[in-house]
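I have placed the structure first, in the form of structure tokens, so that the comments after it can refer back to it.
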Protein chains: 2
Amino acid sequence: MKQLLGQARVNIENIYPNIDGGRYLIKRVVGESVEVTADIFSDGQDLAKSEIIFRKKGEYKWQISPMHAVWEDHAKGIFKPDSEGIWEFTVRAWVDRFGTWQKHLIHRLQAGQDVEAEIKYALIFLKQASKKAMPKKAKRIEHFTEKIKNELDIEQAVKILFNQELINLINKYSDKDFASEGKLFEVLVERKKALFGSWYEFFPRSTGENGKHGTFKDAEKLIPTIAEWGFDTIYLPPIHPIGKTFRKGKNGMSIALKNDVGSCWAIGSKAGGHKSVHKSLGTLDDFRNFVKISAEHDIEICLDFALQCSPDHPYIQENTQWFNWKADGTLRYAENPPHEYRDIVFFDFENPDWQNLWAELKSIVNFWIDQGVKIFRVDNPHTKPFIFWEWLISEIKKEHFDVIFLAESFTKEKQMIGLSKLGFTQSYTYFAWRNSKDELLGYMQTILNFPYREHFRPHLWANTPDVLSKYLQFGGENGFVTRLILAATLSATYGIYGGAYENLWTHGNYGGEEYEHSEKFEIKHWDWKKPNRVKQVMKIVNKIRKENEALQYTHNLRFVEIDNPNMIAYLKTYENNKLLIVVCLDNFHSQHGWLNIPLEHLGIYQHESYKIKDLVTSSEYYWNGGRNYVELHPHYLPFHIFRFE
Amino acid sequence: MKQLLGQARVNIENIYPNIDGGRYLIKRVVGESVEVTADIFSDGQDLAKSEIIFRKKGEYKWQISPMHAVWEDHAKGIFKPDSEGIWEFTVRAWVDRFGTWQKHLIHRLQAGQDVEAEIKYALIFLKQASKKAMPKKAKRIEHFTEKIKNELDIEQAVKILFNQELINLINKYSDKDFASEGKLFEVLVERKKALFGSWYEFFPRSTGENGKHGTFKDAEKLIPTIAEWGFDTIYLPPIHPIGKTFRKGKNGMSIALKNDVGSCWAIGSKAGGHKSVHKSLGTLDDFRNFVKISAEHDIEICLDFALQCSPDHPYIQENTQWFNWKADGTLRYAENPPHEYRDIVFFDFENPDWQNLWAELKSIVNFWIDQGVKIFRVDNPHTKPFIFWEWLISEIKKEHFDVIFLAESFTKEKQMIGLSKLGFTQSYTYFAWRNSKDELLGYMQTILNFPYREHFRPHLWANTPDVLSKYLQFGGENGFVTRLILAATLSATYGIYGGAYENLWTHGNYGGEEYEHSEKFEIKHWDWKKPNRVKQVMKIVNKIRKENEALQYTHNLRFVEIDNPNMIAYLKTYENNKLLIVVCLDNFHSQHGWLNIPLEHLGIYQHESYKIKDLVTSSEYYWNGGRNYVELHPHYLPFHIFRFE
């Protein structure tokens, strides 16, 4: 039996949120609140009161936020951690003596009992509160005490004892003696970038001039353009030496020609491995300079963390024990039968020297942190042990709390969710394959609500080097605009694989959803300058995202009814910033429909007029009531972003 | 970060059953199984296998029970603790290397790849298994190995590698290396009486002859009758001295006349308190003799544990600090405003001397354990602090594991469930007020299924001294028969407040559901001998309960469709003992209906004939198919108990 404070009489059960009973931490960013609920009940007939207590771990003093009854024995409250770090919270509850006294008094009055003695008894509550109150408040309480004492009419005295000001004073300065406290749960409170970011992915080798292999110096020249478009994060595919053995040719062919550059995910050659820079891109200094210039444009660099080796990787010679060798002395290359990936080899995480392997992999992350990188996009994390990731992320965060890990994993739900639970900051999603209204509604509601809301942060990519959806292949320019807007407004974090996206590259491979002549296997040359509508929209929407906090959070999404299956509408709200987004999902025809806006959610009365402003065109409209008409012409603009003014 | 075995690659999540993440123990009796489910998945594409590991706490060696996939990444298994005590269990899981190899082989074959090297590789699995196997089994494995080696046809070799005997052998002797283990959960495994019992409650003071106050010696004479009726537990309302101050008169009047005996729940007088015997009932020796004679008839005694004092209780003088005193120096008596119970005083559990109070209350239980009592019916436990009960029950069970606590609590769900979770063996229910078919179905399904199934054991009382339901008041003799049968077959534990019940006392008080001239406040004289149909049915149903294990468990209840709203039908099964109970809920008219028996649940084929036997009349019928006709005549017998033979 644990040590019990035997006088505590209130039970606290089912404190939420928590993940698997506290096995994992829930996640927030600074500025995001935590809504806490719990079942709370005393023995017998007594009422209970409760509050959230919370603090940054290591701090001594608890902060307090009140809880309110939602229904009998169930209370709710909210708190907002205001700085990065691990926070802890739980629920504290105690017998509400004054409230119980009031409840009983009502019963006595209803039964016609004489309550004079009860009123005298109630003065104890006032006395106790006045002792604890600040002088000014104490005086108010004493004022009530005198009034009650001098009141000869019982009914009037009762009224004073139900005065809301007095109730508040007594509750505020009540004793909370013998309070119970629930189990402590922890919150990982991260910097805002963990939830809000506009990402631009590109291959630096495609930034060269005149058909040459691009370098970091070439890529540097692109930074001002990316900044002007409003992106705040550049994600670079692996920048390390590329292996030669079994190098893949164009279109992923198993034979490479002499000039083929290979896949940059086949990491490692004689020239070095995960801590080296591919010499065709430049030097480590060049990379550091690239990071520096990006920072000057308020852009962070995200590197790819792909735990795989080309057969030429130095690790294979230096640490044979980390790999899986066949009986015939050859390496077991990566495979997902019947598919074989001869240009890469996986680490054998079951090898007896796993501790040194883990330490080395951690040192890779630290190496790049030392070069100024704080964001890592992890390639296929679900094919490596989950406890490795849990260890790695927690180890890195001990020294560099602000590091962000994005899980690139398209796999079964349990694995994707498992990675998110154990600590990955953000996750790739199936967004690219959710295109119809029903698909979007169903998918977003699934990944944003219970039980994933507390840890899963969707990163919506409109495309990736691996994914060119049918919708983009056949939707024309409007399709690119629509998917960009959806990605950028459904979630606070989104990204595009650039070059291909804004230049409307639509060639799929043989009926599949990969790119034909994929940039993964060859150098491309994009026209970064030529203006078009997608580039224009990118710039506008990123600006709107920066200016409207509602678009900087993800779980504030609320779909709005619209009576047209080719249109989708949703609210995004954060404090006083309230947006309504309407998107036309038909890329070829104009669509119109009637919205049914839940005004009560916006604090607007049913028959009140309100002004909305289209943040793209700056047009303003006066609407009245929840039912409103919208019409979208995809060839002009397939979306509205309205702000309630 | 916890110590991690870095090579463990299988995740184990959501192990069930557990209560609040292991905060409380799940409950079973010896012979009852635990069905365990968990989410289990490896990283990557590998398959996983899992098993339950379990043992009695303190034992070193784990017992093992296999788990089987229910759907992808979700497995189920069963284990059965075979002795009283606290057991612990969890799930162990590991990569299923052979299964994964088989899955990959199928993919390779489908892609038309050459698999000769793979077949050679598979021989490793056979070799490993053969090393671990007993000689005879090893020989079988070697036999398969030779067959594969000598097989020139690849297709034939593959067939051997999918032979079920070989798969079983390899699984049985596989390495389970780098296995993961889940969180440990505990099971309170109690003696069978915790779940199965036929209870008879009576007031010993009503067993006197010629209008005299009955004694334990008088009550002794009733024991053979109660035993003959088939009851195994006698519950006596409090047997302690009764207070005089504010003693209640007949019908609970607030003034008692000179000869009024008072409520036995007003415990304590100058003659003693909770450790004393009311002298009108006899001596402590007489009580011990009553316990002894009961035991000779295989009957256990249950005492009432009511934590309240008459104003005359010695505690009040000796331990003033344990009570709530008003400013005017008078005691604060029990109340539930506007109701006042002046004849009793509650302990103040918030008093600073609570530790001594707890110790004293524990010593009461120990005192009666020393007199041979192992069962306690706790009066209104929800009006005392829940942590007190948690402490008390766990303390008592440390020394006397077989003690049973029955919670008498009619209150809100959270409190009733809370008491059950913290360790009360059994609980009173709202059964008395659930009379229609819909009410019975809904209520039983609620209290027996998730999430209560793991701890809540309903004790169904057909009546109590506090409850004479309208159904009994107006249902005539058939009503008494019906409710007895329902109580005795819906749950393994049931009871009647005797004398009143089998003698069909139907007088309610002023339209309420309490007894008029309640035995709580006066001595009654019952005719224990006079035969009637209720007494006959009591005897028969208790005999059937003893002979049919299916009626000795509670959570094996499964309702059966019957197309008549005045009839209810259900299956109770335990291993090969399979019963079908049909009850007519209409006390006045014959009812008939068609059953739709789920034969697959009984292991009977759709077009197979089967024999059923009516255990009351011994009639036998041959039925065929799930649809069968039944007809019940309440004035003859309003129920069937059929056994599938």
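By convention here, the chains of the structure tokens are called A, B, ... in the order presented, each chain's residues are numbered starting at 1, and ligands are numbered starting at 1 in the order presented.
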
* Select residues of chain A: the criterion is any atom within 8 Å of an atom of chain B, counting only C-alpha atoms; output as a count of residues only. => 41

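Near B:Val541, within a cut-off of 9 Å and counting only C-alpha atoms, sit the residues Gly230, Leu484, Ile485, Ala488, Thr489 and Val616 of chain B, with same-chain residues fewer than 6 positions away left out.
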
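Restricting the calculation to only C-alpha atoms, the smallest distance between B:Val187 and any of B:His601, B:Arg342, B:Lys80, B:Arg457 is found for B:Lys80.
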
* To do: Write out as a PyMOL selection string which residues come within 8 Å of stretch 399-408 of chain B when counting only C-alpha atoms, dropping same-chain ones fewer than 4 positions away.
  => chain B and resi 85+190-191+194+374-381+393+395+419-420+424-428

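Atom pair atom CA of B:Phe521 / atom CA of B:Thr215: separated by 16.5 Å.
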
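Using only C-alpha atoms, the contacts of stretch 284-288 of chain A at a cut-off of 7 Å, with sequence neighbours closer than 6 positions omitted, comprise A:Phe216, A:Lys217, A:Val277, A:Gln371.
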
* To do: Extract, using only C-alpha atoms, all DNA, RNA and protein residues at most 7 Å from A:Gly498, discarding same-chain residues fewer than 4 positions from it, and format them as a ChimeraX atom specification.
  => /A:200-202,502

Output of the above residues as an mmCIF file, in the first residue's frame, restricted to N, CA and C atoms:
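To be explicit, this is the file written out as part-v8.cif:
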```cif
data_model
loop_
_atom_site.group_PDB
_atom_site.id
_atom_site.type_symbol
_atom_site.label_atom_id
_atom_site.label_comp_id
_atom_site.auth_asym_id
_atom_site.auth_seq_id
_atom_site.Cartn_x
_atom_site.Cartn_y
_atom_site.Cartn_z
ATOM 1 N N TYR A 200 10.059 24.039 -48.471
ATOM 2 C CA TYR A 200 10.383 23.963 -49.899
ATOM 3 C C TYR A 200 11.511 22.952 -50.049
ATOM 4 N N GLU A 201 11.226 21.882 -50.791
ATOM 5 C CA GLU A 201 12.239 20.845 -50.996
ATOM 6 C C GLU A 201 12.824 21.011 -52.397
ATOM 7 N N PHE A 202 14.137 20.935 -52.510
ATOM 8 C CA PHE A 202 14.718 20.900 -53.862
ATOM 9 C C PHE A 202 16.065 20.194 -53.846
ATOM 10 N N GLU A 502 5.988 24.046 -58.837
ATOM 11 C CA GLU A 502 5.538 25.348 -59.343
ATOM 12 C C GLU A 502 5.729 25.451 -60.850
#
```

* To do: Give me, please, the distance in Å between atom CA of A:Pro531 and atom CA of A:Gly476, quoted to one decimal.
  => 16.4 Å

* Asked: So which residues of stretch 214-346 of chain B fall under helix (DSSP H, G or I) by DSSP, listed as a PyMOL selection string?
  -> chain B and resi 216-220+223-228+250-252+284-296+314-318+320-322

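Separating atom CA of A:Glu519 from atom CA of A:Gln308 is a distance of 19.6 Å.
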
* Nearest to B:Glu514, chosen from B:Val534, B:Leu468, B:Leu331, B:Ala487, with only C-alpha atoms counted in the distances -> B:Leu468

* Asked: Tell me, which residues of stretch 18-253 of chain B carry DSSP strand (DSSP E), written as a VMD selection string?
  -> chain B and resid 26 to 29 34 to 42 48 to 56 63 to 71 74 to 79 85 to 95 180 to 181 185 to 190 197 to 201 233 to 236

With a distance cut-off of 12 Å and only C-alpha atoms, select the neighbouring residues of A:Glu209, excluding the residue or stretch itself and same-chain residues fewer than 3 positions from it, and output the selection as a short mmCIF file (atom, residue, chain, number, x, y, z; two decimals) with N, CA and C atoms, in the first residue's frame.
```
data_model
loop_
_atom_site.label_atom_id
_atom_site.label_comp_id
_atom_site.auth_asym_id
_atom_site.auth_seq_id
_atom_site.Cartn_x
_atom_site.Cartn_y
_atom_site.Cartn_z
N PRO A 204 19.78 20.40 -54.71
CA PRO A 204 20.77 21.43 -55.06
C PRO A 204 21.52 21.09 -56.35
N ARG A 205 21.64 19.81 -56.66
CA ARG A 205 22.40 19.47 -57.86
C ARG A 205 21.69 19.93 -59.15
N SER A 206 20.40 20.30 -58.99
CA SER A 206 19.67 20.77 -60.17
C SER A 206 19.71 22.30 -60.31
N LYS A 212 25.21 22.01 -65.96
CA LYS A 212 26.23 21.49 -65.04
C LYS A 212 25.60 21.01 -63.73
N HIS A 213 26.38 20.15 -63.04
CA HIS A 213 25.96 19.69 -61.72
C HIS A 213 25.94 20.89 -60.78
N GLY A 214 24.81 21.14 -60.17
CA GLY A 214 24.69 22.29 -59.28
C GLY A 214 25.48 22.10 -57.99
N THR A 215 25.85 23.22 -57.38
CA THR A 215 26.61 23.20 -56.12
C THR A 215 25.85 24.03 -55.08
N LYS A 217 26.91 26.65 -53.89
CA LYS A 217 27.06 28.05 -54.32
C LYS A 217 25.97 28.41 -55.34
N ASP A 218 25.66 27.46 -56.23
CA ASP A 218 24.56 27.71 -57.16
C ASP A 218 23.23 27.83 -56.40
N ALA A 219 23.07 26.89 -55.47
CA ALA A 219 21.79 26.84 -54.74
C ALA A 219 21.58 28.12 -53.93
N LYS A 221 21.97 31.01 -54.72
CA LYS A 221 21.34 32.06 -55.53
C LYS A 221 19.83 31.93 -55.54
N ILE A 523 19.79 14.92 -63.03
CA ILE A 523 19.76 16.37 -62.80
C ILE A 523 18.68 17.00 -63.68
N LYS A 524 17.89 17.87 -63.07
CA LYS A 524 16.88 18.58 -63.87
C LYS A 524 17.25 20.06 -63.90
N HIS A 525 16.61 20.75 -64.79
CA HIS A 525 16.85 22.20 -64.82
C HIS A 525 15.51 22.90 -64.85
N TRP A 526 15.24 23.62 -63.82
CA TRP A 526 13.95 24.29 -63.68
C TRP A 526 14.09 25.77 -63.95
N ASP A 527 13.01 26.32 -64.46
CA ASP A 527 13.01 27.76 -64.67
C ASP A 527 12.43 28.42 -63.41
#
```

Neighbour list for A:Tyr622 as a PDB file with all heavy atoms, in the first residue's frame, cut-off 9 Å, only C-alpha atoms, skip fewer than 5 positions in-chain:
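So result01.pdb came out as:
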```
ATOM      1  N   SER A 609     -25.297  41.283 -38.470  1.00  0.00           N
ATOM      2  CA  SER A 609     -24.495  41.362 -39.692  1.00  0.00           C
ATOM      3  C   SER A 609     -23.021  41.300 -39.320  1.00  0.00           C
ATOM      4  O   SER A 609     -22.635  41.741 -38.239  1.00  0.00           O
ATOM      5  CB  SER A 609     -24.752  42.680 -40.415  1.00  0.00           C
ATOM      6  OG  SER A 609     -25.963  42.617 -41.106  1.00  0.00           O
ATOM      7  N   TYR A 610     -22.226  40.744 -40.184  1.00  0.00           N
ATOM      8  CA  TYR A 610     -20.787  40.744 -39.922  1.00  0.00           C
ATOM      9  C   TYR A 610     -20.051  40.924 -41.245  1.00  0.00           C
ATOM     10  O   TYR A 610     -20.554  40.596 -42.305  1.00  0.00           O
ATOM     11  CB  TYR A 610     -20.357  39.464 -39.210  1.00  0.00           C
ATOM     12  CG  TYR A 610     -20.812  38.183 -39.868  1.00  0.00           C
ATOM     13  CD1 TYR A 610     -19.980  37.523 -40.774  1.00  0.00           C
ATOM     14  CD2 TYR A 610     -22.068  37.643 -39.605  1.00  0.00           C
ATOM     15  CE1 TYR A 610     -20.402  36.357 -41.392  1.00  0.00           C
ATOM     16  CE2 TYR A 610     -22.492  36.488 -40.229  1.00  0.00           C
ATOM     17  CZ  TYR A 610     -21.658  35.846 -41.114  1.00  0.00           C
ATOM     18  OH  TYR A 610     -22.078  34.709 -41.737  1.00  0.00           O
ATOM     19  N   LYS A 611     -18.814  41.468 -41.111  1.00  0.00           N
ATOM     20  CA  LYS A 611     -18.044  41.770 -42.300  1.00  0.00           C
ATOM     21  C   LYS A 611     -17.022  40.667 -42.512  1.00  0.00           C
ATOM     22  O   LYS A 611     -16.378  40.221 -41.565  1.00  0.00           O
ATOM     23  CB  LYS A 611     -17.330  43.106 -42.105  1.00  0.00           C
ATOM     24  CG  LYS A 611     -16.709  43.643 -43.371  1.00  0.00           C
ATOM     25  CD  LYS A 611     -16.325  45.113 -43.225  1.00  0.00           C
ATOM     26  CE  LYS A 611     -14.919  45.257 -42.658  1.00  0.00           C
ATOM     27  NZ  LYS A 611     -14.485  46.670 -42.639  1.00  0.00           N
ATOM     28  N   ILE A 612     -16.881  40.202 -43.734  1.00  0.00           N
ATOM     29  CA  ILE A 612     -15.778  39.293 -44.037  1.00  0.00           C
ATOM     30  C   ILE A 612     -14.963  39.900 -45.163  1.00  0.00           C
ATOM     31  O   ILE A 612     -15.482  40.646 -46.001  1.00  0.00           O
ATOM     32  CB  ILE A 612     -16.259  37.881 -44.442  1.00  0.00           C
ATOM     33  CG1 ILE A 612     -17.207  37.960 -45.639  1.00  0.00           C
ATOM     34  CG2 ILE A 612     -16.918  37.148 -43.290  1.00  0.00           C
ATOM     35  CD1 ILE A 612     -17.358  36.657 -46.351  1.00  0.00           C
ATOM     36  N   LYS A 613     -13.677  39.549 -45.131  1.00  0.00           N
ATOM     37  CA  LYS A 613     -12.774  40.127 -46.119  1.00  0.00           C
ATOM     38  C   LYS A 613     -12.068  38.983 -46.833  1.00  0.00           C
ATOM     39  O   LYS A 613     -11.546  38.068 -46.191  1.00  0.00           O
ATOM     40  CB  LYS A 613     -11.757  41.000 -45.397  1.00  0.00           C
ATOM     41  CG  LYS A 613     -10.771  41.671 -46.327  1.00  0.00           C
ATOM     42  CD  LYS A 613      -9.807  42.537 -45.539  1.00  0.00           C
ATOM     43  CE  LYS A 613      -8.728  43.100 -46.466  1.00  0.00           C
ATOM     44  NZ  LYS A 613      -7.827  44.005 -45.749  1.00  0.00           N
TER      45      LYS A 613
END
```

* Structure fact -> Closest of B:Phe246, B:Phe162, B:Phe89, B:Trp265 to B:Leu307, counting only C-alpha atoms, is B:Trp265
